[in-house]
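Here is entry16.txt, consisting of compact mmCIF, C-alpha atoms and all ligand atoms:
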# COMPACT_ATOMS: atom_id res chain seq x y z
CA MET T 1287 221.89 -56.45 -27.84
CA ALA T 1288 221.23 -57.02 -24.13
CA ALA T 1289 218.15 -55.33 -22.66
CA PRO T 1290 218.98 -52.19 -20.68
CA ALA T 1291 219.46 -52.88 -16.95
CA TRP T 1292 216.39 -50.84 -15.93
CA GLN T 1293 214.11 -53.26 -17.78
CA ASP T 1294 214.61 -55.80 -14.98
CA SER T 1295 214.30 -53.31 -12.14
CA ARG T 1296 211.65 -53.88 -9.46
CA PHE T 1297 209.77 -50.81 -10.57
CA MET T 1298 209.52 -51.89 -14.23
CA LYS T 1299 208.65 -55.47 -13.25
CA ALA T 1300 205.90 -54.26 -10.93
CA ALA T 1301 204.58 -51.97 -13.67
CA ARG T 1302 204.32 -55.11 -15.86
CA ARG T 1303 202.75 -57.04 -12.91
CA GLU T 1304 205.67 -59.47 -12.77
CA PRO T 1305 206.73 -60.91 -9.38
CA VAL T 1306 209.41 -58.95 -7.50
CA ASP T 1307 211.64 -59.73 -4.50
CA ARG T 1308 210.05 -56.80 -2.66
CA VAL T 1309 207.58 -53.99 -3.34
CA PRO T 1310 209.25 -51.10 -5.21
CA VAL T 1311 208.95 -47.62 -3.71
CA TRP T 1312 209.33 -44.03 -4.87
CA LEU T 1313 207.55 -40.86 -3.71
CA MET T 1314 205.80 -38.09 -5.57
CA ARG T 1315 207.71 -34.85 -4.81
CA GLN T 1316 210.63 -36.85 -3.47
CA ALA T 1317 212.74 -33.89 -4.60
CA GLY T 1318 211.19 -30.91 -2.87
CA ARG T 1319 211.39 -28.33 -0.15
CA TYR T 1320 211.40 -30.84 2.75
CA LEU T 1321 214.88 -31.89 1.59
CA PRO T 1322 217.90 -29.71 2.65
CA GLU T 1323 219.74 -30.70 -0.55
CA TYR T 1324 216.86 -29.26 -2.60
CA ARG T 1325 216.66 -26.06 -0.53
CA ARG T 1326 220.39 -25.52 -0.97
CA ILE T 1327 220.16 -25.63 -4.77
CA ARG T 1328 216.90 -23.65 -4.77
CA GLU T 1329 218.39 -20.85 -2.59
CA LYS T 1330 220.19 -19.37 -5.56
CA VAL T 1331 217.48 -19.53 -8.21
CA SER T 1332 213.73 -19.20 -8.60
CA PHE T 1333 211.69 -22.35 -9.11
CA LEU T 1334 211.17 -21.61 -12.82
CA GLN T 1335 214.86 -20.89 -13.34
CA LEU T 1336 215.59 -24.22 -11.70
CA CYS T 1337 213.20 -26.04 -14.06
CA ARG T 1338 214.75 -24.31 -17.07
CA ASP T 1339 218.34 -25.11 -16.12
CA PRO T 1340 219.06 -28.74 -17.14
CA ARG T 1341 222.29 -28.87 -15.14
CA LEU T 1342 220.57 -27.82 -11.90
CA ALA T 1343 217.29 -29.66 -12.55
CA SER T 1344 219.11 -32.95 -13.15
CA GLU T 1345 221.33 -32.32 -10.14
CA VAL T 1346 218.23 -31.92 -7.93
CA MET T 1347 217.01 -35.40 -8.86
CA LEU T 1348 220.46 -36.99 -8.73
CA VAL T 1349 221.18 -35.70 -5.20
CA THR T 1350 217.72 -36.86 -4.13
CA ILE T 1351 218.44 -40.38 -5.39
CA GLU T 1352 221.74 -40.39 -3.51
CA ARG T 1353 219.93 -39.42 -0.33
CA LEU T 1354 216.90 -41.72 -0.62
CA PRO T 1355 217.17 -45.47 -1.38
CA VAL T 1356 214.14 -45.44 -3.71
CA ASP T 1357 213.50 -47.65 -6.75
CA ALA T 1358 212.75 -44.96 -9.35
CA ALA T 1359 213.64 -41.38 -10.18
CA ILE T 1360 211.26 -38.84 -11.70
CA LEU T 1361 212.14 -36.05 -14.06
CA PHE T 1362 212.50 -32.77 -12.18
CA SER T 1363 210.23 -30.27 -13.90
CA ASP T 1364 206.72 -28.91 -13.49
CA LEU T 1365 203.34 -29.90 -14.79
CA LEU T 1366 202.50 -26.42 -16.05
CA LEU T 1367 205.54 -25.64 -18.19
CA ILE T 1368 203.82 -26.90 -21.33
CA LEU T 1369 201.17 -24.18 -20.94
CA GLU T 1370 203.71 -21.41 -21.66
CA PRO T 1371 204.48 -22.29 -25.29
CA MET T 1372 200.73 -22.83 -25.69
CA GLY T 1373 200.18 -19.14 -24.94
CA LEU T 1374 199.66 -18.84 -21.18
CA GLU T 1375 201.94 -16.74 -18.98
CA LEU T 1376 203.13 -18.78 -16.02
CA ARG T 1377 204.39 -17.21 -12.76
CA PHE T 1378 205.61 -18.66 -9.49
CA GLY T 1379 205.53 -16.14 -6.65
CA PRO T 1380 208.10 -16.39 -3.82
CA ASP T 1381 205.85 -18.35 -1.46
CA GLU T 1382 202.73 -19.19 -3.40
CA GLY T 1383 201.72 -21.74 -5.95
CA PRO T 1384 201.74 -21.13 -9.69
CA THR T 1385 199.52 -18.51 -11.32
CA LEU T 1386 198.65 -17.79 -14.95
CA ARG T 1387 198.31 -14.12 -15.84
CA ASN T 1388 195.94 -14.62 -18.76
CA PRO T 1389 193.59 -17.51 -17.96
CA ILE T 1390 190.98 -18.73 -20.44
CA ARG T 1391 187.48 -17.64 -19.43
CA GLU T 1392 185.42 -17.41 -22.62
CA PRO T 1393 185.47 -19.40 -25.89
CA GLY T 1394 187.00 -16.39 -27.66
CA ASP T 1395 190.10 -16.78 -25.47
CA LEU T 1396 190.90 -20.05 -27.23
CA ALA T 1397 192.09 -18.04 -30.24
CA ARG T 1398 195.29 -17.26 -28.32
CA ILE T 1399 195.90 -20.90 -27.30
CA ARG T 1400 198.17 -22.80 -29.65
CA GLU T 1401 198.56 -26.54 -29.82
CA TRP T 1402 202.09 -27.34 -28.65
CA GLU T 1403 204.26 -28.44 -31.58
CA ASP T 1404 207.56 -26.60 -31.37
CA ALA T 1405 209.89 -29.02 -29.59
CA ASP T 1406 212.58 -26.33 -29.27
CA SER T 1407 210.39 -24.28 -26.95
CA LEU T 1408 210.91 -26.90 -24.23
CA ASP T 1409 214.42 -28.02 -25.15
CA PHE T 1410 215.52 -27.69 -21.51
CA VAL T 1411 213.17 -30.58 -20.63
CA TRP T 1412 214.80 -32.98 -23.11
CA GLU T 1413 218.24 -31.89 -21.93
CA THR T 1414 217.21 -32.46 -18.29
CA VAL T 1415 215.99 -35.96 -19.20
CA ARG T 1416 219.28 -36.76 -20.96
CA ARG T 1417 221.42 -35.46 -18.12
CA THR T 1418 219.36 -37.17 -15.42
CA ARG T 1419 219.41 -40.48 -17.34
CA ALA T 1420 223.17 -40.21 -17.83
CA GLY T 1421 223.75 -39.58 -14.12
CA LEU T 1422 221.53 -42.37 -12.77
CA PRO T 1423 222.65 -45.93 -12.06
CA ALA T 1424 221.87 -48.08 -15.13
CA GLU T 1425 219.27 -50.17 -13.30
CA MET T 1426 217.33 -47.15 -11.95
CA PRO T 1427 214.31 -46.28 -14.12
CA LEU T 1428 213.54 -42.64 -14.86
CA ILE T 1429 209.88 -41.64 -14.93
CA GLY T 1430 208.72 -38.81 -17.18
CA PHE T 1431 205.43 -37.03 -16.53
CA ALA T 1432 202.77 -34.71 -17.85
CA GLY T 1433 199.41 -33.34 -16.79
CA ALA T 1434 196.15 -35.01 -17.74
CA PRO T 1435 193.90 -32.91 -20.00
CA PHE T 1436 191.41 -32.06 -17.25
CA THR T 1437 194.01 -30.87 -14.74
CA LEU T 1438 195.81 -28.76 -17.35
CA ALA T 1439 192.52 -27.28 -18.58
CA ALA T 1440 191.49 -26.55 -14.99
CA TYR T 1441 194.73 -24.62 -14.47
CA ALA T 1442 194.41 -22.81 -17.79
CA ILE T 1443 190.87 -21.69 -16.89
CA GLU T 1444 191.16 -21.05 -13.14
CA GLY T 1445 194.60 -19.45 -13.44
CA ARG T 1446 195.52 -20.68 -9.97
CA THR T 1447 194.73 -23.39 -7.43
CA SER T 1448 191.05 -23.38 -6.63
CA ARG T 1449 188.73 -24.74 -3.98
CA SER T 1450 185.46 -24.76 -5.84
CA PHE T 1451 186.71 -25.02 -9.44
CA GLU T 1452 183.82 -22.80 -10.41
CA ASN T 1453 185.48 -21.25 -13.46
CA VAL T 1454 186.42 -24.55 -15.03
CA LYS T 1455 183.00 -26.06 -14.35
CA ARG T 1456 181.26 -22.96 -15.66
CA PHE T 1457 183.27 -23.20 -18.88
CA MET T 1458 182.65 -26.94 -19.21
CA TYR T 1459 178.87 -26.70 -18.70
CA ARG T 1460 178.33 -23.47 -20.58
CA TYR T 1461 180.57 -24.04 -23.60
CA PRO T 1462 180.76 -27.80 -24.23
CA GLU T 1463 182.09 -27.36 -27.78
CA ALA T 1464 184.86 -24.98 -26.79
CA TRP T 1465 185.63 -27.35 -23.90
CA ASP T 1466 186.11 -30.25 -26.32
CA ASP T 1467 188.31 -28.05 -28.54
CA LEU T 1468 190.49 -27.07 -25.61
CA LEU T 1469 190.83 -30.64 -24.37
CA GLU T 1470 191.59 -31.87 -27.87
CA LYS T 1471 194.42 -29.33 -28.14
CA LEU T 1472 195.74 -30.44 -24.77
CA VAL T 1473 195.53 -34.14 -25.69
CA ARG T 1474 197.55 -33.65 -28.85
CA SER T 1475 200.07 -31.40 -27.12
CA VAL T 1476 200.58 -33.70 -24.13
CA ALA T 1477 200.88 -36.76 -26.39
CA ARG T 1478 203.72 -35.08 -28.32
CA TYR T 1479 205.32 -33.80 -25.14
CA SER T 1480 205.28 -37.28 -23.56
CA MET T 1481 206.68 -38.84 -26.72
CA ALA T 1482 209.54 -36.34 -26.72
CA GLN T 1483 210.35 -37.22 -23.11
CA TYR T 1484 210.34 -40.90 -24.02
CA GLU T 1485 212.66 -40.30 -26.96
CA SER T 1486 215.00 -38.32 -24.71
CA GLY T 1487 215.35 -41.22 -22.28
CA VAL T 1488 212.53 -41.82 -19.78
CA GLN T 1489 211.40 -45.42 -19.23
CA ALA T 1490 207.89 -44.88 -17.87
CA LEU T 1491 205.37 -42.04 -17.73
CA GLN T 1492 203.05 -40.74 -15.05
CA ILE T 1493 199.99 -38.75 -16.09
CA PHE T 1494 198.86 -36.52 -13.20
CA ASP T 1495 195.14 -35.78 -12.93
CA SER T 1496 195.62 -33.98 -9.63
CA TRP T 1497 192.41 -31.94 -9.69
CA VAL T 1498 189.97 -34.34 -11.30
CA GLY T 1499 188.52 -35.30 -7.91
CA CYS T 1500 186.30 -32.19 -7.97
CA LEU T 1501 184.09 -33.93 -10.57
CA SER T 1502 181.28 -36.46 -10.15
CA GLY T 1503 181.54 -39.79 -11.93
CA ASP T 1504 178.91 -38.79 -14.46
CA ASP T 1505 180.70 -35.56 -15.34
CA TYR T 1506 184.03 -37.39 -15.56
CA ARG T 1507 182.51 -39.88 -17.97
CA HIS T 1508 180.93 -37.19 -20.11
CA TYR T 1509 183.49 -34.37 -20.13
CA VAL T 1510 186.83 -36.03 -19.39
CA LEU T 1511 187.05 -39.77 -20.01
CA PRO T 1512 186.97 -39.69 -23.83
CA HIS T 1513 189.83 -37.16 -23.90
CA THR T 1514 191.99 -38.90 -21.31
CA ARG T 1515 191.40 -42.22 -23.07
CA ARG T 1516 192.60 -40.76 -26.37
CA LEU T 1517 195.71 -39.37 -24.69
CA LEU T 1518 196.57 -42.65 -22.95
CA ALA T 1519 196.02 -44.64 -26.15
CA SER T 1520 198.47 -42.43 -28.02
CA LEU T 1521 201.43 -42.70 -25.61
CA PRO T 1522 204.47 -44.82 -26.54
CA PRO T 1523 203.43 -48.46 -25.94
CA GLU T 1524 206.91 -49.41 -24.69
CA ALA T 1525 206.63 -47.12 -21.66
CA PRO T 1526 204.30 -48.24 -18.84
CA VAL T 1527 201.92 -45.44 -17.88
CA ILE T 1528 200.86 -44.64 -14.33
CA HIS T 1529 197.51 -42.87 -14.46
CA PHE T 1530 197.26 -40.91 -11.21
CA GLY T 1531 194.17 -39.25 -9.83
CA THR T 1532 193.29 -37.88 -6.43
CA GLY T 1533 190.38 -36.57 -4.42
CA ASN T 1534 187.47 -38.84 -5.32
CA PRO T 1535 187.62 -42.64 -5.01
CA ALA T 1536 184.34 -42.95 -6.93
CA LEU T 1537 186.32 -42.04 -10.06
CA ILE T 1538 188.79 -44.95 -9.75
CA PRO T 1539 186.91 -47.43 -11.98
CA LEU T 1540 186.43 -44.72 -14.61
CA GLN T 1541 190.07 -43.74 -14.39
CA ALA T 1542 190.95 -47.39 -15.06
CA GLU T 1543 188.51 -47.44 -17.97
CA ALA T 1544 190.32 -44.44 -19.47
CA GLY T 1545 193.57 -46.41 -19.39
CA GLY T 1546 197.00 -46.82 -17.83
CA ALA T 1547 199.02 -49.93 -16.99
CA VAL T 1548 199.10 -48.77 -13.36
CA ILE T 1549 196.46 -46.69 -11.60
CA GLY T 1550 197.71 -44.24 -8.95
CA VAL T 1551 195.27 -43.76 -6.06
CA ASP T 1552 195.20 -41.62 -2.93
CA TRP T 1553 194.57 -42.53 0.73
CA ARG T 1554 190.83 -41.92 0.70
CA ILE T 1555 190.20 -45.60 -0.08
CA ARG T 1556 191.80 -48.86 1.02
CA LEU T 1557 194.26 -50.14 -1.53
CA SER T 1558 192.67 -53.61 -1.63
CA GLU T 1559 189.27 -52.09 -2.35
CA ALA T 1560 190.70 -49.81 -5.03
CA TRP T 1561 192.46 -52.75 -6.68
CA SER T 1562 189.26 -54.75 -6.87
CA MET T 1563 187.61 -51.79 -8.61
CA ILE T 1564 190.52 -51.41 -11.03
CA GLY T 1565 190.73 -55.07 -11.99
CA GLU T 1566 193.39 -57.76 -11.93
CA ASP T 1567 194.80 -56.75 -15.29
CA ARG T 1568 196.30 -53.51 -13.93
CA GLY T 1569 198.90 -52.50 -11.41
CA ILE T 1570 198.28 -50.06 -8.57
CA GLN T 1571 200.37 -47.27 -7.06
CA GLY T 1572 199.87 -45.73 -3.63
CA ASN T 1573 198.65 -44.82 -1.17
CA LEU T 1574 199.87 -43.62 2.24
CA ASP T 1575 198.50 -40.22 3.28
CA PRO T 1576 201.48 -37.80 3.03
CA ALA T 1577 200.30 -36.19 6.28
CA VAL T 1578 201.16 -39.44 8.14
CA LEU T 1579 204.79 -38.43 7.59
CA LEU T 1580 204.19 -35.48 9.93
CA GLY T 1581 203.48 -37.90 12.81
CA PRO T 1582 205.93 -39.81 15.02
CA GLU T 1583 208.27 -42.30 13.35
CA GLU T 1584 206.52 -45.30 14.92
CA THR T 1585 203.25 -44.22 13.34
CA VAL T 1586 204.97 -43.82 9.96
CA ARG T 1587 206.34 -47.37 10.18
CA ARG T 1588 203.07 -48.91 11.34
CA ARG T 1589 200.94 -47.12 8.74
CA THR T 1590 203.42 -48.05 6.00
CA ARG T 1591 203.14 -51.73 7.00
CA GLU T 1592 199.36 -51.42 7.00
CA VAL T 1593 199.40 -50.21 3.38
CA LEU T 1594 201.75 -53.07 2.43
CA ALA T 1595 199.46 -55.59 4.15
CA GLU T 1596 196.63 -54.42 1.91
CA THR T 1597 198.28 -55.97 -1.17
CA ARG T 1598 200.48 -58.59 0.56
CA GLY T 1599 203.10 -58.13 -2.12
CA ARG T 1600 200.77 -59.11 -4.95
CA PRO T 1601 202.63 -58.44 -8.23
CA GLY T 1602 201.76 -55.02 -9.55
CA HIS T 1603 201.93 -52.85 -6.42
CA ILE T 1604 204.24 -49.82 -6.51
CA PHE T 1605 204.44 -48.19 -3.10
CA ASN T 1606 204.00 -44.41 -3.04
CA LEU T 1607 202.19 -41.74 -1.11
CA GLY T 1608 198.67 -40.82 -2.14
CA HIS T 1609 200.00 -37.39 -3.18
CA GLY T 1610 203.27 -35.43 -2.96
CA VAL T 1611 205.57 -35.13 0.08
CA LEU T 1612 204.55 -32.03 2.10
CA PRO T 1613 207.21 -29.31 2.60
CA SER T 1614 207.16 -29.60 6.43
CA THR T 1615 207.93 -33.36 6.37
CA PRO T 1616 210.92 -34.51 8.49
CA VAL T 1617 213.49 -36.24 6.26
CA GLU T 1618 213.94 -38.98 8.90
CA ASN T 1619 210.32 -40.00 8.44
CA VAL T 1620 210.76 -40.29 4.68
CA LEU T 1621 213.79 -42.50 5.30
CA ALA T 1622 211.82 -44.57 7.86
CA LEU T 1623 209.04 -45.11 5.32
CA ILE T 1624 211.45 -46.29 2.62
CA GLU T 1625 213.28 -48.57 5.05
CA THR T 1626 209.99 -50.08 6.22
CA VAL T 1627 209.02 -50.92 2.63
CA ARG T 1628 212.45 -52.38 1.91
CA ASP T 1629 212.44 -54.56 5.05
CA TRP T 1630 208.86 -55.71 4.82
CA ASP T 1631 208.11 -59.39 4.84
CA PRO T 1632 204.68 -60.36 3.41
CA GLU T 1633 204.38 -63.13 6.04
CA GLN T 1634 204.59 -60.63 8.86
CA LEU T 1635 201.48 -58.91 10.22
CA PRO T 1636 201.35 -55.09 10.50
O1 LIG I 1701 207.86 -35.39 -7.81
C1 LIG I 1701 208.96 -34.84 -7.99
O2 LIG I 1701 209.85 -34.80 -7.14
C2 LIG I 1701 209.26 -34.26 -9.37
C3 LIG I 1701 208.99 -32.92 -9.63
C4 LIG I 1701 207.59 -32.35 -9.71
C5 LIG I 1701 207.30 -31.01 -9.30
N1 LIG I 1701 206.03 -30.72 -9.68
C6 LIG I 1701 208.25 -30.12 -8.66
C7 LIG I 1701 207.75 -28.96 -7.90
C8 LIG I 1701 206.43 -32.87 -10.26
C9 LIG I 1701 206.17 -34.27 -10.79
C10 LIG I 1701 205.44 -31.82 -10.24
C11 LIG I 1701 204.09 -31.96 -10.80
C12 LIG I 1701 203.09 -30.93 -10.50
N2 LIG I 1701 203.24 -29.58 -10.52
C13 LIG I 1701 201.74 -31.18 -10.21
C14 LIG I 1701 201.11 -32.55 -10.18
C15 LIG I 1701 201.42 -33.23 -8.93
C16 LIG I 1701 200.61 -32.80 -7.78
O3 LIG I 1701 201.21 -32.37 -6.80
O4 LIG I 1701 199.39 -32.92 -7.87
C17 LIG I 1701 201.09 -29.94 -10.03
C18 LIG I 1701 199.64 -29.73 -9.67
C19 LIG I 1701 202.06 -28.94 -10.25
C20 LIG I 1701 201.86 -27.48 -10.18
C21 LIG I 1701 202.57 -26.93 -9.02
N3 LIG I 1701 203.94 -26.77 -8.97
C22 LIG I 1701 202.02 -26.48 -7.80
C23 LIG I 1701 200.54 -26.49 -7.46
C24 LIG I 1701 203.09 -26.01 -7.03
C25 LIG I 1701 202.99 -25.30 -5.73
C26 LIG I 1701 202.87 -26.19 -4.58
C27 LIG I 1701 204.14 -26.13 -3.77
O5 LIG I 1701 204.49 -27.15 -3.20
O6 LIG I 1701 204.74 -25.05 -3.73
C28 LIG I 1701 204.29 -26.26 -7.76
C29 LIG I 1701 205.65 -25.98 -7.32
C30 LIG I 1701 206.63 -27.12 -7.29
N4 LIG I 1701 206.70 -28.14 -8.21
C31 LIG I 1701 207.67 -27.29 -6.34
C32 LIG I 1701 208.39 -28.44 -6.72
C33 LIG I 1701 209.61 -29.02 -6.09
C34 LIG I 1701 207.98 -26.35 -5.18
C35 LIG I 1701 208.60 -25.13 -5.75
C36 LIG I 1701 209.54 -24.42 -4.82
O7 LIG I 1701 210.72 -24.76 -4.76
O8 LIG I 1701 209.09 -23.47 -4.16
Output the file's structure in the form of C-alpha cells.
Ligand code: CP3
Amino acid sequence: MAAPAWQDSRFMKAARREPVDRVPVWLMRQAGRYLPEYRRIREKVSFLQLCRDPRLASEVMLVTIERLPVDAAILFSDLLLILEPMGLELRFGPDEGPTLRNPIREPGDLARIREWEDADSLDFVWETVRRTRAGLPAEMPLIGFAGAPFTLAAYAIEGRTSRSFENVKRFMYRYPEAWDDLLEKLVRSVARYSMAQYESGVQALQIFDSWVGCLSGDDYRHYVLPHTRRLLASLPPEAPVIHFGTGNPALIPLQAEAGGAVIGVDWRIRLSEAWSMIGEDRGIQGNLDPAVLLGPEETVRRRTREVLAETRGRPGHIFNLGHGVLPSTPVENVLALIETVRDWDPEQLP
C-alpha cells in the first residue's frame, strides 16, 4: 500500500529533519477570533458548544485552511476539555478566559479527581478529528494536541489564568506526594487521550506546556521533568511530537531532555541559540512574537525574514509564532507572514 500523501508533506519531513523545498509554516491559534470566518461561526454558539459540535468544530478548521495557505492544520478543540471528565467543572464566560468552579487546593480534593479512561466522554473530539481529516486535502497533515501535565495541573489548582501561580506552587512545595499523584493521573490520562486522537486520524501531536515558564530550571527538573518525560515516552511513536513551552528560555534544554522530536520555543530567545541548546538531533518550531503581527506589514515581513535567517532553512525548522495569534491581529498581516515564509530564499539576506 502506498504511504499516505501527508507523509511526504513539508511539515512531516521537517518534523523528521529531512530536507524540504521551503520551510513549512502553520500558526498556533490560526483559527481564532482575529478571523472573520471564525467569528461568523462563533456568533451563534458559545465556545464550549463549538468545541462539542464536531460539525462546527471541523468546519472552523477547514475554513481556516481555505483562507490561509499554511502547511498543517490543527484539531479545533481546547486544552482544558479533558479536565471535565476528570471531575472539574469548566466554564467559559462571554469575554473572559476559562475558569474551573471547583479547583484543587488541598490533597483531600484529589479524591474527586478521576483518571480519564472513558473514551465516550470525549467522543466529540474523535468525531471532530475524523471530520477534519476527511475534509482536508490528502497531503495536509492534521496535528492533534493536549496539555502537558504541569500546565493542566496549574489550571486544575489555580482554577483560572494566574500571574503569580501561587496556588500551584504552594501545592507543589507543600504536598509533594499529592503533587506526584496528581501529575501521574494527568500523565496517564493525557497519554490515553493523545492515543485516541492518533487512532482517530491525527498525524502529529503538540504538547502545550503554556504555563511552565513560571518555574525555575531546578524546580522544573525536580517537579515536572520526570512526569513530562513519562508522558512523551508513552505517545504513539509513529506521530512526531512537538513539545511546546513558553515564558522561560532557561527551561529549553530541560524541555528537550524531557523529550519531543521538535521543541517549540517562544520569541524570548534567538532561534539559533535555542537550537544549539536543544541539539542537532531535534527539530525546532517557532518563534516570531505574535505581537509583531500588530505592527505595520513591512515590519511583519522583515521580522519574519529575520526569524528565517536564524536557521537558514536547516532541515528541522517549522515556522510558527512563539505563542498563539492575538485576537486583535489584522488578517492581512497573517497572510503577509505566510507569504513571506513561502517566498523566502535562504540565499537572500533579511
Ligand atoms: O490553535 C488553534 O487554532 C487550535 C485550537 C486551540 C484553541 N485552544 C482554541 C481556542 C488550541 C490548540 C487551544 C489550546 C489552549 N487552550 C491552550 C494552549 C495554547 C496556549 O495558548 O497556550 C490554552 C492555555 C487553552 C485554554 C484557553 N482556551 C484559554 C486560556 C482561552 C482564553 C484565551 C482567549 O483567547 O480567549 C481559551 C479560549 C480559546 N481556545 C479560544 C479559541 C479559538 C477563544 C474562544 C472564543 O471564541 O472566545
For T:Ala1440, the closest of T:Leu1366, T:Leu1361, T:Leu1511, T:Ala1490 counting all atoms listed in the file is T:Leu1366
Counting all atoms listed in the file, which residues of chain T fall within 7 Å of ligand LIG 1701 (chain I), and what is the closest atom pair for each with its distance in Å at one decimal, ordered by chain and rising number, as a Markdown table?
| residue | atom | partner | partner_atom | distance |
| --- | --- | --- | --- | --- |
| T:Leu1313 | CA | I:LIG1701 | O1 | 6.8 |
| T:Met1314 | CA | I:LIG1701 | O1 | 4.1 |
| T:Arg1315 | CA | I:LIG1701 | O1 | 3.1 |
| T:Gln1316 | CA | I:LIG1701 | O2 | 4.3 |
| T:Ala1317 | CA | I:LIG1701 | O2 | 4.0 |
| T:Gly1318 | CA | I:LIG1701 | C33 | 4.1 |
| T:Arg1319 | CA | I:LIG1701 | O7 | 5.9 |
| T:Arg1328 | CA | I:LIG1701 | O7 | 6.3 |
| T:Phe1333 | CA | I:LIG1701 | O7 | 5.1 |
| T:Ile1360 | CA | I:LIG1701 | C2 | 5.5 |
| T:Leu1361 | CA | I:LIG1701 | C2 | 5.8 |
| T:Phe1362 | CA | I:LIG1701 | C3 | 4.3 |
| T:Ser1363 | CA | I:LIG1701 | C3 | 5.2 |
| T:Asp1364 | CA | I:LIG1701 | N1 | 4.3 |
| T:Leu1365 | CA | I:LIG1701 | N2 | 4.3 |
| T:Leu1366 | CA | I:LIG1701 | C20 | 6.0 |
| T:Asp1381 | CA | I:LIG1701 | O8 | 6.6 |
| T:Glu1382 | CA | I:LIG1701 | O6 | 6.2 |
| T:Gly1383 | CA | I:LIG1701 | C25 | 3.8 |
| T:Pro1384 | CA | I:LIG1701 | C22 | 5.7 |
| T:Phe1431 | CA | I:LIG1701 | C9 | 6.4 |
| T:Gly1433 | CA | I:LIG1701 | C14 | 6.9 |
| T:Thr1447 | CA | I:LIG1701 | C23 | 6.6 |
| T:Phe1494 | CA | I:LIG1701 | C14 | 5.5 |
| T:Ser1496 | CA | I:LIG1701 | O4 | 4.3 |
| T:His1609 | CA | I:LIG1701 | O3 | 6.3 |
| T:Gly1610 | CA | I:LIG1701 | O3 | 5.3 |
| T:Pro1613 | CA | I:LIG1701 | O5 | 6.8 |
Atom pair atom CA of T:Glu1345 + atom CA of T:Pro1371, distance 24.8 Å
Could you give me, as a Markdown table, a per-residue list for stretch 1431-1507 of chain T showing, wherever an atom lies at most 10 Å from an atom of stretch 1547-1561 of chain T, the closest pair of atoms and their distance in Å to one decimal, using all atoms listed in the file and sorting by chain then residue number from low to high?
| residue | atom | partner | partner_atom | distance |
| --- | --- | --- | --- | --- |
| T:Gln1492 | CA | T:Gly1550 | CA | 8.8 |
| T:Ile1493 | CA | T:Gly1550 | CA | 9.3 |
| T:Phe1494 | CA | T:Gly1550 | CA | 8.9 |
| T:Asp1495 | CA | T:Gly1550 | CA | 9.7 |
task: Might you pull out every residue within 10 Å of T:Ala1291, with all atoms listed in the file counted and same-chain residues fewer than 4 positions away left off, and present them as a list in words?
output: Ser1295, Pro1423, Ala1424, Glu1425, Met1426 and Pro1427 of chain T
With distances taken over only C-alpha atoms, the candidate from T:Asp1409, T:Asp1629, T:Glu1403, T:Asp1575 nearest T:Arg1591 is T:Asp1629
Q. Atom CA of T:Ile1570 and atom CA of T:Gly1602, how far apart in Å?
A.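 Atom-to-atom, atom CA of T:Gly1602 to atom CA of T:Ile1570, that is 6.1 Å.
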Near T:Arg1308, counting all atoms listed in the file, which residues have an atom at most 9 Å away, once you skip same-chain residues fewer than 4 positions from it, shown as a list in words?
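Everything that qualifies: Arg1296, Gly1599, Val1627, Arg1628, Asp1629, Trp1630, Asp1631 and Pro1632 of chain T.
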The distance between atom CA of T:Glu1566 and atom CA of T:Pro1601 is 10.0 Å
Counting all atoms listed in the file, closest pick from T:Val1309, T:Leu1396, T:Val1498, T:Leu1369 relative to T:Ser1448 is T:Val1498
Judged by only C-alpha atoms, the minimum distance to T:Cys1500 among T:Phe1451, T:Trp1465, T:Phe1530, T:Tyr1484 is found for T:Phe1451
